[in-house]
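Notes to accompany the following structure.
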Amino acid sequence: MCKVILIGADIALLEGLAQTLVGCGHEVTFAATMSEAAAIMAGDDAAIVVASTDAVEDAGPGATLPLTANSALIVYGKSHGEHLFLPPKLQRATLAHLVLPLERQRLLALVQSFDTRSRTTGRSRREETKEGYQLEF
């Protein structure tokens with residue numbers, strides 16, 4: 001299960017994406033701005049941030065997220081011409097530029113691939129086992 005943070009102002013689009021991602025077993029959180037997403041990411045090990053081009057532009061050229069080696073950024077717009085210049089730190093962490101909702105299946109494939117890769121390399125959140133865990137027959 002991967003944690004996905006959706007950032008943007010188009011509530012209908014984000015709700016549709018959230019339903020698709022939750023249906024595939026991912027944990028979804030919403031944020032209105034990049035700074036709000038940064039606060040949400042503060043203590044998490046693995047997360048994918050899916051941010052609209054408007055949210056990234058509103059954050060300005062000094063926009064940052066606490067992205068680690070096990071985090072990624074996906075930027076989306078509503079047309080193929082909406083590629084924007086990202087600060088170098090965010091540009092290196094950007095996994096893809098998508099056109100949503102047109103490329104919804106590509107988003108899902110990227111999230112699932114990221115989740116599989118983070119589990120394979122050991123970068124995902126480790127599930128803690130409870131003390132005194134016993135199998136019941």
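Scheme for the structure tokens: letters A, B, ... for chains in order shown; per-chain residue numbers from 1; ligand numbers from 1 in order shown.
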(request) Return as a PyMOL selection string the full set of residues in range 24-98 of chain A whose backbone-based DSSP assignment is alpha helix (DSSP H). (result) chain A and resi 34-41+53-59+88-93
Selected residues written out with all heavy atoms, as a compact mmCIF listing (two decimals), in the first residue's frame:
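part-v2.txt was written with the following content:
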```
# COMPACT_ATOMS: atom_id res chain seq x y z
N MET A 34 0.95 23.18 -1.81
CA MET A 34 2.21 22.45 -1.66
C MET A 34 2.69 22.49 -0.21
O MET A 34 3.21 21.49 0.29
CB MET A 34 3.28 23.05 -2.58
CG MET A 34 2.99 22.89 -4.06
SD MET A 34 3.32 21.26 -4.69
CE MET A 34 5.08 21.36 -4.91
N SER A 35 2.52 23.62 0.46
CA SER A 35 2.98 23.71 1.85
C SER A 35 2.16 22.79 2.76
O SER A 35 2.70 22.20 3.70
CB SER A 35 2.93 25.15 2.35
OG SER A 35 1.62 25.66 2.25
N GLU A 36 0.88 22.65 2.48
CA GLU A 36 0.04 21.73 3.25
C GLU A 36 0.49 20.29 3.01
O GLU A 36 0.55 19.47 3.94
CB GLU A 36 -1.42 21.90 2.86
CG GLU A 36 -2.39 21.12 3.70
CD GLU A 36 -3.84 21.36 3.30
OE1 GLU A 36 -4.16 22.46 2.80
OE2 GLU A 36 -4.64 20.43 3.48
N ALA A 37 0.84 19.96 1.78
CA ALA A 37 1.35 18.62 1.46
C ALA A 37 2.68 18.36 2.15
O ALA A 37 2.93 17.26 2.63
CB ALA A 37 1.51 18.46 -0.04
N ALA A 38 3.53 19.39 2.24
CA ALA A 38 4.81 19.24 2.94
C ALA A 38 4.60 18.91 4.41
O ALA A 38 5.31 18.09 4.98
CB ALA A 38 5.64 20.51 2.78
N ALA A 39 3.61 19.52 5.02
CA ALA A 39 3.30 19.24 6.42
C ALA A 39 2.79 17.81 6.59
O ALA A 39 3.12 17.14 7.57
CB ALA A 39 2.28 20.24 6.95
N ILE A 40 2.00 17.33 5.64
CA ILE A 40 1.48 15.97 5.70
C ILE A 40 2.60 14.95 5.54
O ILE A 40 2.63 13.92 6.19
CB ILE A 40 0.40 15.75 4.61
CG1 ILE A 40 -0.83 16.60 4.91
CG2 ILE A 40 0.02 14.29 4.49
CD1 ILE A 40 -1.85 16.64 3.80
N MET A 41 3.58 15.26 4.68
CA MET A 41 4.68 14.35 4.40
C MET A 41 5.73 14.28 5.50
O MET A 41 6.57 13.39 5.48
CB MET A 41 5.39 14.75 3.11
CG MET A 41 4.59 14.54 1.87
SD MET A 41 5.51 15.04 0.42
CE MET A 41 6.80 13.79 0.38
N THR A 53 -0.44 21.54 -11.98
CA THR A 53 0.50 22.57 -12.40
C THR A 53 0.16 23.90 -11.73
O THR A 53 1.05 24.67 -11.38
CB THR A 53 0.49 22.74 -13.93
OG1 THR A 53 -0.85 23.00 -14.36
CG2 THR A 53 1.05 21.53 -14.62
N ASP A 54 -1.13 24.16 -11.49
CA ASP A 54 -1.54 25.39 -10.82
C ASP A 54 -1.01 25.45 -9.39
O ASP A 54 -0.54 26.49 -8.94
CB ASP A 54 -3.07 25.51 -10.79
CG ASP A 54 -3.66 25.68 -12.18
OD1 ASP A 54 -2.94 26.15 -13.09
OD2 ASP A 54 -4.84 25.33 -12.35
N ALA A 55 -1.06 24.33 -8.68
CA ALA A 55 -0.56 24.30 -7.29
C ALA A 55 0.94 24.51 -7.25
O ALA A 55 1.45 25.21 -6.36
CB ALA A 55 -0.92 22.97 -6.63
N VAL A 56 1.66 23.95 -8.21
CA VAL A 56 3.11 24.12 -8.26
C VAL A 56 3.45 25.57 -8.61
O VAL A 56 4.35 26.17 -8.01
CB VAL A 56 3.76 23.14 -9.26
CG1 VAL A 56 5.25 23.40 -9.39
CG2 VAL A 56 3.51 21.70 -8.82
N GLU A 57 2.73 26.16 -9.57
CA GLU A 57 2.97 27.55 -9.94
C GLU A 57 2.64 28.49 -8.79
O GLU A 57 3.35 29.47 -8.55
CB GLU A 57 2.14 27.93 -11.17
CG GLU A 57 2.70 27.39 -12.46
CD GLU A 57 1.84 27.74 -13.66
OE1 GLU A 57 0.65 28.10 -13.49
OE2 GLU A 57 2.36 27.66 -14.77
N ASP A 58 1.55 28.23 -8.06
CA ASP A 58 1.17 29.06 -6.92
C ASP A 58 2.22 29.02 -5.82
O ASP A 58 2.38 29.99 -5.08
CB ASP A 58 -0.19 28.63 -6.36
CG ASP A 58 -1.34 28.95 -7.30
OD1 ASP A 58 -1.13 29.75 -8.25
OD2 ASP A 58 -2.44 28.40 -7.09
N ALA A 59 2.92 27.90 -5.68
CA ALA A 59 3.95 27.77 -4.66
C ALA A 59 5.18 28.62 -4.99
O ALA A 59 5.96 28.95 -4.10
CB ALA A 59 4.35 26.32 -4.48
N PRO A 88 15.04 22.87 -9.66
CA PRO A 88 15.86 21.67 -9.88
C PRO A 88 15.58 20.51 -8.92
O PRO A 88 15.52 19.36 -9.34
CB PRO A 88 17.30 22.17 -9.71
CG PRO A 88 17.22 23.61 -10.06
CD PRO A 88 15.86 24.07 -9.61
N LYS A 89 15.36 20.78 -7.64
CA LYS A 89 15.11 19.71 -6.68
C LYS A 89 13.82 18.97 -7.02
O LYS A 89 13.76 17.75 -6.98
CB LYS A 89 15.04 20.27 -5.26
CG LYS A 89 14.83 19.20 -4.21
CD LYS A 89 14.80 19.78 -2.83
CE LYS A 89 14.57 18.68 -1.81
NZ LYS A 89 14.43 19.17 -0.46
N LEU A 90 12.78 19.71 -7.37
CA LEU A 90 11.51 19.08 -7.73
C LEU A 90 11.59 18.40 -9.10
O LEU A 90 10.99 17.36 -9.32
CB LEU A 90 10.38 20.10 -7.73
CG LEU A 90 9.97 20.66 -6.37
CD1 LEU A 90 8.82 21.65 -6.54
CD2 LEU A 90 9.59 19.56 -5.41
N GLN A 91 12.38 18.98 -10.00
CA GLN A 91 12.52 18.41 -11.33
C GLN A 91 13.18 17.02 -11.26
O GLN A 91 12.76 16.10 -11.94
CB GLN A 91 13.35 19.34 -12.20
CG GLN A 91 13.33 18.99 -13.67
CD GLN A 91 14.03 20.05 -14.49
OE1 GLN A 91 14.82 20.84 -13.98
NE2 GLN A 91 13.74 20.07 -15.77
N ARG A 92 14.18 16.87 -10.41
CA ARG A 92 14.86 15.57 -10.26
C ARG A 92 13.93 14.53 -9.65
O ARG A 92 14.05 13.35 -9.91
CB ARG A 92 16.11 15.72 -9.39
CG ARG A 92 17.27 16.34 -10.13
CD ARG A 92 18.54 16.23 -9.30
NE ARG A 92 18.46 16.91 -8.03
CZ ARG A 92 18.76 18.18 -7.81
NH1 ARG A 92 19.16 18.93 -8.81
NH2 ARG A 92 18.66 18.71 -6.61
N ALA A 93 13.02 14.96 -8.79
CA ALA A 93 12.11 14.03 -8.11
C ALA A 93 10.85 13.73 -8.90
O ALA A 93 10.07 12.88 -8.51
CB ALA A 93 11.73 14.60 -6.74
```
(message) At a cut-off of 8 Å, using only C-alpha atoms, what residues contact Val50 in chain A? Leave out same-chain residues fewer than 6 positions from it and give the result as a ChimeraX atom specification.
(response) /A:4-7,73-76
Close residues, Leu107 in chain A itself excluded, 8 Å, only C-alpha atoms, min 4 positions apart in chain, as a PDB file with all heavy atoms, in the first residue's frame:
```pdb
ATOM      1  N   LEU A  98       1.636  14.276 -16.370  1.00  0.00           N
ATOM      2  CA  LEU A  98       0.452  13.617 -16.917  1.00  0.00           C
ATOM      3  C   LEU A  98      -0.625  14.614 -17.303  1.00  0.00           C
ATOM      4  O   LEU A  98      -0.654  15.734 -16.796  1.00  0.00           O
ATOM      5  CB  LEU A  98      -0.146  12.654 -15.882  1.00  0.00           C
ATOM      6  CG  LEU A  98       0.746  11.536 -15.369  1.00  0.00           C
ATOM      7  CD1 LEU A  98       0.012  10.728 -14.314  1.00  0.00           C
ATOM      8  CD2 LEU A  98       1.188  10.642 -16.492  1.00  0.00           C
ATOM      9  N   GLU A 103      -5.094  10.508 -18.698  1.00  0.00           N
ATOM     10  CA  GLU A 103      -4.080   9.490 -18.416  1.00  0.00           C
ATOM     11  C   GLU A 103      -4.240   8.882 -17.017  1.00  0.00           C
ATOM     12  O   GLU A 103      -3.266   8.577 -16.349  1.00  0.00           O
ATOM     13  CB  GLU A 103      -2.682  10.086 -18.581  1.00  0.00           C
ATOM     14  CG  GLU A 103      -2.379  10.503 -20.005  1.00  0.00           C
ATOM     15  CD  GLU A 103      -1.008  11.103 -20.165  1.00  0.00           C
ATOM     16  OE1 GLU A 103      -0.681  12.065 -19.439  1.00  0.00           O
ATOM     17  OE2 GLU A 103      -0.257  10.600 -21.011  1.00  0.00           O
ATOM     18  N   VAL A 111       1.802   4.580  -9.898  1.00  0.00           N
ATOM     19  CA  VAL A 111       1.691   4.413  -8.446  1.00  0.00           C
ATOM     20  C   VAL A 111       1.948   2.962  -8.068  1.00  0.00           C
ATOM     21  O   VAL A 111       2.688   2.677  -7.119  1.00  0.00           O
ATOM     22  CB  VAL A 111       0.318   4.906  -7.934  1.00  0.00           C
ATOM     23  CG1 VAL A 111       0.110   4.521  -6.480  1.00  0.00           C
ATOM     24  CG2 VAL A 111       0.201   6.414  -8.108  1.00  0.00           C
TER      25      VAL A 111
END
```
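Neighbours of Leu100 in chain A closer than or equal to 10 Å, with only C-alpha atoms counted and sequence neighbours fewer than 5 positions away skipped, come out as Leu13, Leu14, Leu17, Ser52, Val75, Tyr76, Gly77, Lys78, Ser79, His80, Gln105, Arg106 and Leu107 of chain A.
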Residues as selected, N, CA and C atoms, written as a short mmCIF file (atom, residue, chain, number, x, y, z; two decimals), in the first residue's frame, can you do that?
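Contents of the output file result_28.cif:
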```cif
data_model
loop_
_atom_site.label_atom_id
_atom_site.label_comp_id
_atom_site.auth_asym_id
_atom_site.auth_seq_id
_atom_site.Cartn_x
_atom_site.Cartn_y
_atom_site.Cartn_z
N LEU A 13 -12.18 16.04 -10.05
CA LEU A 13 -11.08 15.25 -10.59
C LEU A 13 -10.35 14.51 -9.47
N LEU A 14 -10.04 15.21 -8.39
CA LEU A 14 -9.32 14.60 -7.28
C LEU A 14 -10.13 13.50 -6.61
N LEU A 17 -9.93 10.44 -8.85
CA LEU A 17 -8.62 9.81 -8.70
C LEU A 17 -8.52 9.06 -7.38
N SER A 52 -1.17 19.43 -9.13
CA SER A 52 -1.58 20.14 -10.35
C SER A 52 -0.53 21.19 -10.69
N VAL A 75 3.37 15.51 -11.64
CA VAL A 75 2.72 16.78 -11.93
C VAL A 75 1.70 16.54 -13.03
N TYR A 76 0.50 17.11 -12.85
CA TYR A 76 -0.53 16.92 -13.88
C TYR A 76 -1.12 18.25 -14.31
N GLY A 77 -1.59 18.24 -15.54
CA GLY A 77 -2.29 19.38 -16.11
C GLY A 77 -3.52 18.88 -16.85
N LYS A 78 -4.21 19.79 -17.52
CA LYS A 78 -5.42 19.41 -18.25
C LYS A 78 -5.19 19.33 -19.75
N SER A 79 -4.00 19.72 -20.21
CA SER A 79 -3.66 19.60 -21.63
C SER A 79 -2.17 19.31 -21.76
N HIS A 80 -1.78 18.86 -22.95
CA HIS A 80 -0.38 18.50 -23.18
C HIS A 80 0.55 19.71 -23.18
N GLN A 105 -5.22 5.88 -16.16
CA GLN A 105 -4.65 4.53 -16.06
C GLN A 105 -3.13 4.56 -15.98
N ARG A 106 -2.51 5.53 -16.63
CA ARG A 106 -1.06 5.68 -16.53
C ARG A 106 -0.67 6.08 -15.11
N LEU A 107 -1.45 6.96 -14.48
CA LEU A 107 -1.21 7.34 -13.09
C LEU A 107 -1.28 6.11 -12.19
#
```
(request) Tell me which of A:Ala9, A:Val99, A:Ala69, A:Glu15 sits closest to Gly81 in chain A, counting only C-alpha atoms. (result) A:Val99
(request) Could you pull out the residues in range 50-112 of chain A that DSSP calls strand (DSSP E or B) from the backbone, as a ChimeraX atom specification? (result) /A:50-52,71-77,94-99
(request) Please provide as a list in words all residues within 7 Å of Lys3 in chain A, with the sequence filter that same-chain residues fewer than 5 positions apart are discarded (counting only C-alpha atoms). (result) His26, Glu27, Val28, Ala46, Ala47 and Ile48 of chain A
Just write the chosen residues, N, CA, C and O atoms, as a short mmCIF file (atom, residue, chain, number, x, y, z; two decimals), in the first residue's frame.
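Okay, this is what ended up in result.cif:
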```cif
data_model
loop_
_atom_site.label_atom_id
_atom_site.label_comp_id
_atom_site.auth_asym_id
_atom_site.auth_seq_id
_atom_site.Cartn_x
_atom_site.Cartn_y
_atom_site.Cartn_z
N HIS A 26 -4.57 1.73 -2.12
CA HIS A 26 -3.63 2.78 -1.72
C HIS A 26 -4.28 3.74 -0.73
O HIS A 26 -5.49 3.92 -0.73
N GLU A 27 -3.47 4.35 0.09
CA GLU A 27 -3.93 5.34 1.07
C GLU A 27 -3.86 6.72 0.41
O GLU A 27 -2.82 7.11 -0.11
N VAL A 28 -4.96 7.45 0.43
CA VAL A 28 -5.03 8.75 -0.26
C VAL A 28 -5.33 9.86 0.74
O VAL A 28 -6.18 9.72 1.61
N ALA A 46 7.36 6.70 2.79
CA ALA A 46 7.16 6.63 1.35
C ALA A 46 5.87 7.32 0.96
O ALA A 46 4.83 7.08 1.56
N ALA A 47 5.95 8.19 -0.01
CA ALA A 47 4.75 8.89 -0.47
C ALA A 47 4.94 9.35 -1.90
O ALA A 47 6.05 9.66 -2.33
N ILE A 48 3.83 9.40 -2.62
CA ILE A 48 3.81 9.99 -3.95
C ILE A 48 2.93 11.22 -3.87
O ILE A 48 1.80 11.15 -3.38
#
```
